[in-house]
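> I am sharing final-v6.pdb, which consists of PDB, C-alpha atoms:
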```pdb
MODEL        1
ATOM      1  CA  LEU A 242      -8.403  -9.130  -2.602  1.00  0.00           C
ATOM      2  CA  GLU A 243     -11.879  -9.002  -1.097  1.00  0.00           C
ATOM      3  CA  GLN A 244     -10.777  -6.675   1.714  1.00  0.00           C
ATOM      4  CA  LEU A 245      -8.962  -4.485  -0.797  1.00  0.00           C
ATOM      5  CA  GLU A 246     -12.102  -4.284  -2.921  1.00  0.00           C
ATOM      6  CA  MET A 247     -14.251  -3.426   0.108  1.00  0.00           C
ATOM      7  CA  LYS A 248     -11.817  -0.727   1.226  1.00  0.00           C
ATOM      8  CA  VAL A 249     -11.720   0.779  -2.255  1.00  0.00           C
ATOM      9  CA  ALA A 250     -15.500   0.827  -2.347  1.00  0.00           C
ATOM     10  CA  ASP A 251     -15.497   2.591   1.027  1.00  0.00           C
ATOM     11  CA  LEU A 252     -12.822   5.083  -0.004  1.00  0.00           C
ATOM     12  CA  LYS A 253     -13.829   5.799  -3.568  1.00  0.00           C
ATOM     13  CA  GLY A 254     -17.532   5.076  -3.769  1.00  0.00           C
ATOM     14  CA  MET A 255     -17.028   4.576  -7.497  1.00  0.00           C
ATOM     15  CA  LYS A 256     -15.387   2.299 -10.025  1.00  0.00           C
ATOM     16  CA  GLN A 257     -12.888   4.784 -11.390  1.00  0.00           C
ATOM     17  CA  GLY A 258     -10.202   6.995  -9.961  1.00  0.00           C
ATOM     18  CA  HIS A 259      -6.791   6.505  -8.430  1.00  0.00           C
ATOM     19  CA  LEU A 260      -5.813   4.205  -5.554  1.00  0.00           C
ATOM     20  CA  ARG A 261      -2.553   4.954  -3.737  1.00  0.00           C
ATOM     21  CA  LEU A 262      -0.997   2.203  -1.619  1.00  0.00           C
ATOM     22  CA  SER A 263       2.062   2.377   0.597  1.00  0.00           C
ATOM     23  CA  VAL A 264       3.483  -0.935   1.781  1.00  0.00           C
ATOM     24  CA  ILE A 265       6.436  -2.256   3.757  1.00  0.00           C
ATOM     25  CA  THR A 266       9.175  -3.925   1.761  1.00  0.00           C
ATOM     26  CA  THR A 267       8.073  -7.475   2.604  1.00  0.00           C
ATOM     27  CA  ALA A 268       4.626  -6.762   1.105  1.00  0.00           C
ATOM     28  CA  LYS A 269       6.176  -6.369  -2.340  1.00  0.00           C
ATOM     29  CA  TYR A 270       6.269 -10.167  -2.518  1.00  0.00           C
ATOM     30  CA  PHE A 271       2.475 -10.538  -2.470  1.00  0.00           C
ATOM     31  CA  MET A 272       0.873  -7.165  -3.277  1.00  0.00           C
ATOM     32  CA  PRO A 273       1.507  -7.321  -7.039  1.00  0.00           C
ATOM     33  CA  ARG A 274      -0.275 -10.713  -7.148  1.00  0.00           C
ATOM     34  CA  MET A 275      -3.240  -9.153  -5.337  1.00  0.00           C
ATOM     35  CA  LEU A 276      -3.260  -6.034  -7.481  1.00  0.00           C
ATOM     36  CA  GLY A 277      -3.289  -7.907 -10.805  1.00  0.00           C
ATOM     37  CA  PRO A 278      -6.788  -9.380 -10.333  1.00  0.00           C
ATOM     38  CA  PHE A 279      -7.969  -6.128  -8.727  1.00  0.00           C
ATOM     39  CA  CYS A 280      -6.923  -4.146 -11.815  1.00  0.00           C
ATOM     40  CA  ARG A 281      -8.729  -6.618 -14.084  1.00  0.00           C
ATOM     41  CA  ILE A 282     -11.927  -6.295 -12.027  1.00  0.00           C
ATOM     42  CA  TYR A 283     -11.663  -2.486 -11.803  1.00  0.00           C
ATOM     43  CA  PRO A 284     -10.031  -1.302 -15.042  1.00  0.00           C
ATOM     44  CA  GLY A 285     -11.106   2.292 -14.348  1.00  0.00           C
ATOM     45  CA  ILE A 286      -9.015   2.554 -11.178  1.00  0.00           C
ATOM     46  CA  ASP A 287      -5.361   3.443 -11.638  1.00  0.00           C
ATOM     47  CA  VAL A 288      -3.132   2.065  -8.892  1.00  0.00           C
ATOM     48  CA  SER A 289       0.177   3.382  -7.599  1.00  0.00           C
ATOM     49  CA  LEU A 290       2.221   1.297  -5.174  1.00  0.00           C
ATOM     50  CA  THR A 291       4.956   2.759  -2.985  1.00  0.00           C
ATOM     51  CA  VAL A 292       7.282   0.198  -1.390  1.00  0.00           C
ATOM     52  CA  THR A 293       9.407   1.442   1.501  1.00  0.00           C
ATOM     53  CA  ASN A 294      10.490   0.568   5.018  1.00  0.00           C
ATOM     54  CA  HIS A 295       8.234   0.597   8.068  1.00  0.00           C
ATOM     55  CA  GLU A 296       9.361   4.001   9.328  1.00  0.00           C
ATOM     56  CA  ARG A 297       8.592   5.687   5.996  1.00  0.00           C
ATOM     57  CA  VAL A 298       5.212   3.939   5.690  1.00  0.00           C
ATOM     58  CA  ILE A 299       4.324   5.326   9.128  1.00  0.00           C
ATOM     59  CA  ASP A 300       5.429   8.817   8.006  1.00  0.00           C
ATOM     60  CA  ARG A 301       3.267   8.530   4.902  1.00  0.00           C
ATOM     61  CA  LEU A 302       0.342   7.371   7.059  1.00  0.00           C
ATOM     62  CA  ALA A 303       0.804  10.245   9.500  1.00  0.00           C
ATOM     63  CA  ASN A 304       0.770  12.667   6.551  1.00  0.00           C
ATOM     64  CA  ASN A 305      -2.223  10.954   4.895  1.00  0.00           C
ATOM     65  CA  GLN A 306      -0.331  10.515   1.618  1.00  0.00           C
ATOM     66  CA  ASP A 307      -2.044   7.290   0.528  1.00  0.00           C
ATOM     67  CA  ASP A 308      -5.387   5.513   0.598  1.00  0.00           C
ATOM     68  CA  LEU A 309      -4.238   2.155   2.016  1.00  0.00           C
ATOM     69  CA  TYR A 310      -1.199   1.002   3.976  1.00  0.00           C
ATOM     70  CA  VAL A 311       0.153  -2.502   4.469  1.00  0.00           C
ATOM     71  CA  MET A 312       2.488  -3.080   7.407  1.00  0.00           C
ATOM     72  CA  SER A 313       3.313  -5.717   9.963  1.00  0.00           C
ATOM     73  CA  GLN A 314       3.519  -3.549  13.091  1.00  0.00           C
ATOM     74  CA  LEU A 315       0.847  -0.978  13.815  1.00  0.00           C
ATOM     75  CA  PRO A 316       1.771   2.486  15.064  1.00  0.00           C
ATOM     76  CA  GLU A 317       0.615   3.092  18.622  1.00  0.00           C
ATOM     77  CA  HIS A 318       0.570   6.880  18.319  1.00  0.00           C
ATOM     78  CA  LEU A 319      -1.929   7.069  15.432  1.00  0.00           C
ATOM     79  CA  GLU A 320      -5.634   6.296  15.485  1.00  0.00           C
ATOM     80  CA  ILE A 321      -6.237   3.884  12.619  1.00  0.00           C
ATOM     81  CA  ASN A 322      -8.544   1.103  11.477  1.00  0.00           C
ATOM     82  CA  ALA A 323      -6.595  -2.111  10.902  1.00  0.00           C
ATOM     83  CA  HIS A 324      -7.607  -5.394   9.270  1.00  0.00           C
ATOM     84  CA  PRO A 325      -5.137  -8.297   9.669  1.00  0.00           C
ATOM     85  CA  PHE A 326      -5.093 -10.480   6.559  1.00  0.00           C
ATOM     86  CA  LEU A 327      -1.800 -12.401   6.371  1.00  0.00           C
ATOM     87  CA  ASP A 328       0.804 -13.857   8.743  1.00  0.00           C
ATOM     88  CA  ASN A 329       4.348 -12.498   8.466  1.00  0.00           C
ATOM     89  CA  PRO A 330       6.692 -14.942  10.237  1.00  0.00           C
ATOM     90  CA  LEU A 331      10.298 -13.902  10.819  1.00  0.00           C
ATOM     91  CA  VAL A 332      13.018 -16.532  10.671  1.00  0.00           C
ATOM     92  CA  VAL A 333      16.781 -16.666  11.029  1.00  0.00           C
ATOM     93  CA  VAL A 334      18.625 -17.942   7.971  1.00  0.00           C
ATOM     94  CA  ALA A 335      22.240 -19.000   7.505  1.00  0.00           C
ATOM     95  CA  PRO A 336      24.352 -20.590   4.786  1.00  0.00           C
ATOM     96  CA  ALA A 337      24.088 -24.379   4.609  1.00  0.00           C
ATOM     97  CA  THR A 338      27.727 -24.552   5.726  1.00  0.00           C
ATOM     98  CA  HIS A 339      27.113 -22.672   8.986  1.00  0.00           C
ATOM     99  CA  PRO A 340      27.591 -24.824  12.136  1.00  0.00           C
ATOM    100  CA  LEU A 341      24.009 -24.097  13.289  1.00  0.00           C
ATOM    101  CA  ALA A 342      22.371 -24.706   9.900  1.00  0.00           C
ATOM    102  CA  LYS A 343      21.366 -28.285  10.694  1.00  0.00           C
ATOM    103  CA  GLU A 344      20.468 -27.614  14.332  1.00  0.00           C
ATOM    104  CA  ARG A 345      16.883 -27.365  15.592  1.00  0.00           C
ATOM    105  CA  ASN A 346      15.406 -25.532  18.595  1.00  0.00           C
ATOM    106  CA  ILE A 347      18.347 -23.149  18.879  1.00  0.00           C
ATOM    107  CA  THR A 348      18.052 -20.852  21.880  1.00  0.00           C
ATOM    108  CA  LEU A 349      18.072 -17.100  21.479  1.00  0.00           C
ATOM    109  CA  GLU A 350      21.069 -16.977  23.780  1.00  0.00           C
ATOM    110  CA  ARG A 351      23.004 -19.211  21.394  1.00  0.00           C
ATOM    111  CA  LEU A 352      21.906 -17.189  18.363  1.00  0.00           C
ATOM    112  CA  ALA A 353      23.048 -13.989  20.071  1.00  0.00           C
ATOM    113  CA  GLU A 354      26.603 -15.344  20.033  1.00  0.00           C
ATOM    114  CA  GLU A 355      26.664 -15.178  16.225  1.00  0.00           C
ATOM    115  CA  PRO A 356      27.285 -12.100  14.048  1.00  0.00           C
ATOM    116  CA  PHE A 357      24.185 -10.899  12.171  1.00  0.00           C
ATOM    117  CA  ILE A 358      23.296  -9.253   8.893  1.00  0.00           C
ATOM    118  CA  MET A 359      20.189  -7.150   9.526  1.00  0.00           C
ATOM    119  CA  ARG A 360      17.864  -4.643   7.970  1.00  0.00           C
ATOM    120  CA  GLU A 361      18.400  -0.956   8.668  1.00  0.00           C
ATOM    121  CA  PRO A 362      17.109   0.535  11.966  1.00  0.00           C
ATOM    122  CA  GLY A 363      13.978   2.051  10.337  1.00  0.00           C
ATOM    123  CA  SER A 364      12.654  -1.299   9.115  1.00  0.00           C
ATOM    124  CA  GLY A 365       9.815  -3.168  10.804  1.00  0.00           C
ATOM    125  CA  THR A 366      11.789  -6.399  10.642  1.00  0.00           C
ATOM    126  CA  ARG A 367      14.640  -4.811  12.562  1.00  0.00           C
ATOM    127  CA  ARG A 368      12.219  -3.280  15.064  1.00  0.00           C
ATOM    128  CA  ALA A 369      10.491  -6.639  15.678  1.00  0.00           C
ATOM    129  CA  ILE A 370      13.789  -8.466  16.190  1.00  0.00           C
ATOM    130  CA  GLN A 371      15.122  -5.714  18.448  1.00  0.00           C
ATOM    131  CA  SER A 372      11.971  -5.827  20.566  1.00  0.00           C
ATOM    132  CA  MET A 373      12.294  -9.596  21.011  1.00  0.00           C
ATOM    133  CA  LEU A 374      15.983  -9.275  21.928  1.00  0.00           C
ATOM    134  CA  ASP A 375      15.239  -6.466  24.402  1.00  0.00           C
ATOM    135  CA  GLN A 376      12.586  -8.605  26.120  1.00  0.00           C
ATOM    136  CA  GLN A 377      15.212 -11.301  26.664  1.00  0.00           C
ATOM    137  CA  ASN A 378      17.964  -8.806  27.635  1.00  0.00           C
ATOM    138  CA  LEU A 379      20.053  -9.982  24.694  1.00  0.00           C
ATOM    139  CA  VAL A 380      22.328  -8.048  22.368  1.00  0.00           C
ATOM    140  CA  VAL A 381      23.499  -9.280  18.985  1.00  0.00           C
ATOM    141  CA  LYS A 382      26.489  -8.114  17.030  1.00  0.00           C
ATOM    142  CA  VAL A 383      25.296  -6.589  13.769  1.00  0.00           C
ATOM    143  CA  ARG A 384      28.200  -6.875  11.364  1.00  0.00           C
ATOM    144  CA  LEU A 385      26.323  -5.567   8.333  1.00  0.00           C
ATOM    145  CA  GLU A 386      23.183  -3.455   7.892  1.00  0.00           C
ATOM    146  CA  LEU A 387      21.424  -3.583   4.545  1.00  0.00           C
ATOM    147  CA  GLY A 388      18.306  -1.847   3.226  1.00  0.00           C
ATOM    148  CA  SER A 389      16.568  -4.752   1.517  1.00  0.00           C
ATOM    149  CA  ASN A 390      15.811  -8.418   2.053  1.00  0.00           C
ATOM    150  CA  GLU A 391      17.287  -9.255  -1.360  1.00  0.00           C
ATOM    151  CA  ALA A 392      20.609  -7.666  -0.401  1.00  0.00           C
ATOM    152  CA  ILE A 393      20.602  -9.627   2.865  1.00  0.00           C
ATOM    153  CA  LYS A 394      19.972 -12.898   1.009  1.00  0.00           C
ATOM    154  CA  GLN A 395      22.868 -12.168  -1.337  1.00  0.00           C
ATOM    155  CA  ALA A 396      25.190 -11.236   1.539  1.00  0.00           C
TER     156      ALA A 396
ENDMDL
END
```
For the file at hand, write its structure as C-alpha cells.


Amino acid sequence: LEQLEMKVADLKGMKQGHLRLSVITTAKYFMPRMLGPFCRIYPGIDVSLTVTNHERVIDRLANNQDDLYVMSQLPEHLEINAHPFLDNPLVVVAPATHPLAKERNITLERLAEEPFIMREPGSGTRRAIQSMLDQQNLVVKVRLELGSNEAIKQA
C-alpha cells in the first residue's frame, strides 16, 4: 500500500483524479485488498483495475494505457522502473487421489511424465513453467489449456 501511495503521489501530484491499474490474473487475489484501504485514504481518486494475462498487460504497458502495472515477469524489451513487493511462488497441484499427491521431492523428470492442465500460452504462469522446462530439456503433455486459475482448479 505504501509503494502504491508513493507511486500515485509521483504520478498524480494531487489527491484527486483517476488511477488506472493493469494487473496479471494472479494479482486479482491481493490487489482488491490493497485498493480498499487506498480508496479510504484517497477518496478523491477513482480507481479502475484491469485484470488480464501477462501478454496483454505487456501490450497495455507498451501502449502506455495505464498508470501502474503489476506482473511477475518483467519485459526485457521495454525500459521500465520496477519495484518488487511480493513473492509469487508457482506450485504443481493434483487431486488427493493422484499417485504423486503424497510424494515429496518429486523430480521434474517424473512430473514431465504426467499430463498437465495449464494456462494459455500468453500467460506469465505458462511462460515461467515453459522456461523452466526448456532449461531442463523437458517437454510436458498439455492435455487441457484454460484461461484462468479458477478454471484450472475446477478441472

> Which polymer residues have any atom within 9 Å of an atom of stretch 329-333 of chain A, counting all atoms listed in the file, with same-chain residues fewer than 5 positions away left out, as a ChimeraX atom specification?

/A:267,313,352,366,369-370

> When distances are computed from only C-alpha atoms, which of A:Met312, A:Ala268, A:Glu354, A:Pro340 shows the smallest separation from A:Arg297?

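The shortest atom-to-atom distance to A:Arg297 comes from A:Met312.
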
> With a distance cut-off of 9 Å and all atoms listed in the file, select the neighbouring residues of A:Val264, excluding the residue or stretch itself and same-chain residues fewer than 5 positions from it, and output the selection as a PyMOL selection string.

chain A and resi 269+272+290-295+298+309-312

> What residues come out when you apply the PyMOL selection byres ((chain A and resi 308) around 8) to this file, written as a list in words?

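Matching residues under the PyMOL selection byres ((chain A and resi 308) around 8) are Leu252, Leu260, Arg261, Leu262, Asn305, Gln306, Asp307, Leu309 and Tyr310 of chain A.
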
> How far is it from atom CA of A:Leu385 to atom CA of A:Pro362, in Å with one decimal?

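Between these atoms lies a distance of 11.6 Å.
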
> If you count all atoms listed in the file, which residues fall within 12 Å of stretch 373-376 of chain A, apart from same-chain ones fewer than 2 positions away, as a list in words?

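Neighbouring residues, sequence-local ones excluded: Leu331, Thr348, Leu349, Glu350, Leu352, Ala353, Thr366, Arg367, Arg368, Ala369, Ile370, Gln371, Asn378, Leu379, Val380, Val381 and Lys382 of chain A.
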
> Hey, can you check how far atom CA of A:Glu355 sits from atom CA of A:Glu386?

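So the two atoms, atom CA of A:Glu355 and atom CA of A:Glu386, lie 14.8 Å apart.
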
> I'd like the interatomic distance between atom CA of A:Pro356 and atom CA of A:Arg384, to a tenth of an Å.

5.9 Å

> Just the residues within 12 Å of A:Ala392, please, counting only C-alpha atoms, with nothing from its chain fewer than 4 positions along; format it as a PyMOL selection string.

chain A and resi 358-361+385-388+396

> Restricted to N, CA and C atoms, what does stretch 299-315 of chain A look like when written out as an mmCIF file, in the first residue's frame?


```cif
data_model
loop_
_atom_site.group_PDB
_atom_site.id
_atom_site.type_symbol
_atom_site.label_atom_id
_atom_site.label_comp_id
_atom_site.auth_asym_id
_atom_site.auth_seq_id
_atom_site.Cartn_x
_atom_site.Cartn_y
_atom_site.Cartn_z
ATOM 1 N N ILE A 299 1.546 -6.624 -20.842
ATOM 2 C CA ILE A 299 2.713 -6.084 -21.544
ATOM 3 C C ILE A 299 2.268 -5.193 -22.713
ATOM 4 N N ASP A 300 1.256 -5.612 -23.454
ATOM 5 C CA ASP A 300 0.724 -4.782 -24.547
ATOM 6 C C ASP A 300 0.214 -3.450 -24.011
ATOM 7 N N ARG A 301 -0.515 -3.506 -22.913
ATOM 8 C CA ARG A 301 -1.039 -2.268 -22.319
ATOM 9 C C ARG A 301 0.111 -1.363 -21.857
ATOM 10 N N LEU A 302 1.155 -1.968 -21.287
ATOM 11 C CA LEU A 302 2.326 -1.215 -20.861
ATOM 12 C C LEU A 302 3.014 -0.569 -22.058
ATOM 13 N N ALA A 303 3.203 -1.336 -23.110
ATOM 14 C CA ALA A 303 3.868 -0.817 -24.310
ATOM 15 C C ALA A 303 3.088 0.346 -24.918
ATOM 16 N N ASN A 304 1.767 0.325 -24.761
ATOM 17 C CA ASN A 304 0.914 1.386 -25.303
ATOM 18 C C ASN A 304 0.564 2.452 -24.273
ATOM 19 N N ASN A 305 1.197 2.375 -23.091
ATOM 20 C CA ASN A 305 1.008 3.366 -22.032
ATOM 21 C C ASN A 305 -0.471 3.608 -21.717
ATOM 22 N N GLN A 306 -1.223 2.526 -21.560
ATOM 23 C CA GLN A 306 -2.665 2.636 -21.327
ATOM 24 C C GLN A 306 -3.029 2.830 -19.863
ATOM 25 N N ASP A 307 -2.091 2.578 -18.950
ATOM 26 C CA ASP A 307 -2.409 2.632 -17.524
ATOM 27 C C ASP A 307 -1.321 3.387 -16.779
ATOM 28 N N ASP A 308 -1.587 3.637 -15.499
ATOM 29 C CA ASP A 308 -0.622 4.329 -14.650
ATOM 30 C C ASP A 308 0.332 3.373 -13.945
ATOM 31 N N LEU A 309 -0.179 2.217 -13.517
ATOM 32 C CA LEU A 309 0.622 1.218 -12.812
ATOM 33 C C LEU A 309 0.315 -0.164 -13.361
ATOM 34 N N TYR A 310 1.337 -1.024 -13.322
ATOM 35 C CA TYR A 310 1.197 -2.400 -13.807
ATOM 36 C C TYR A 310 1.757 -3.335 -12.755
ATOM 37 N N VAL A 311 1.068 -4.452 -12.543
ATOM 38 C CA VAL A 311 1.552 -5.467 -11.612
ATOM 39 C C VAL A 311 1.703 -6.760 -12.398
ATOM 40 N N MET A 312 2.934 -7.293 -12.391
ATOM 41 C CA MET A 312 3.219 -8.521 -13.130
ATOM 42 C C MET A 312 4.337 -9.273 -12.440
ATOM 43 N N SER A 313 4.481 -10.532 -12.796
ATOM 44 C CA SER A 313 5.509 -11.345 -12.154
ATOM 45 C C SER A 313 6.781 -11.449 -12.977
ATOM 46 N N GLN A 314 6.698 -11.237 -14.276
ATOM 47 C CA GLN A 314 7.876 -11.324 -15.141
ATOM 48 C C GLN A 314 7.993 -10.022 -15.921
ATOM 49 N N LEU A 315 9.134 -9.372 -15.782
ATOM 50 C CA LEU A 315 9.314 -8.073 -16.419
ATOM 51 C C LEU A 315 9.663 -8.221 -17.894
#
```
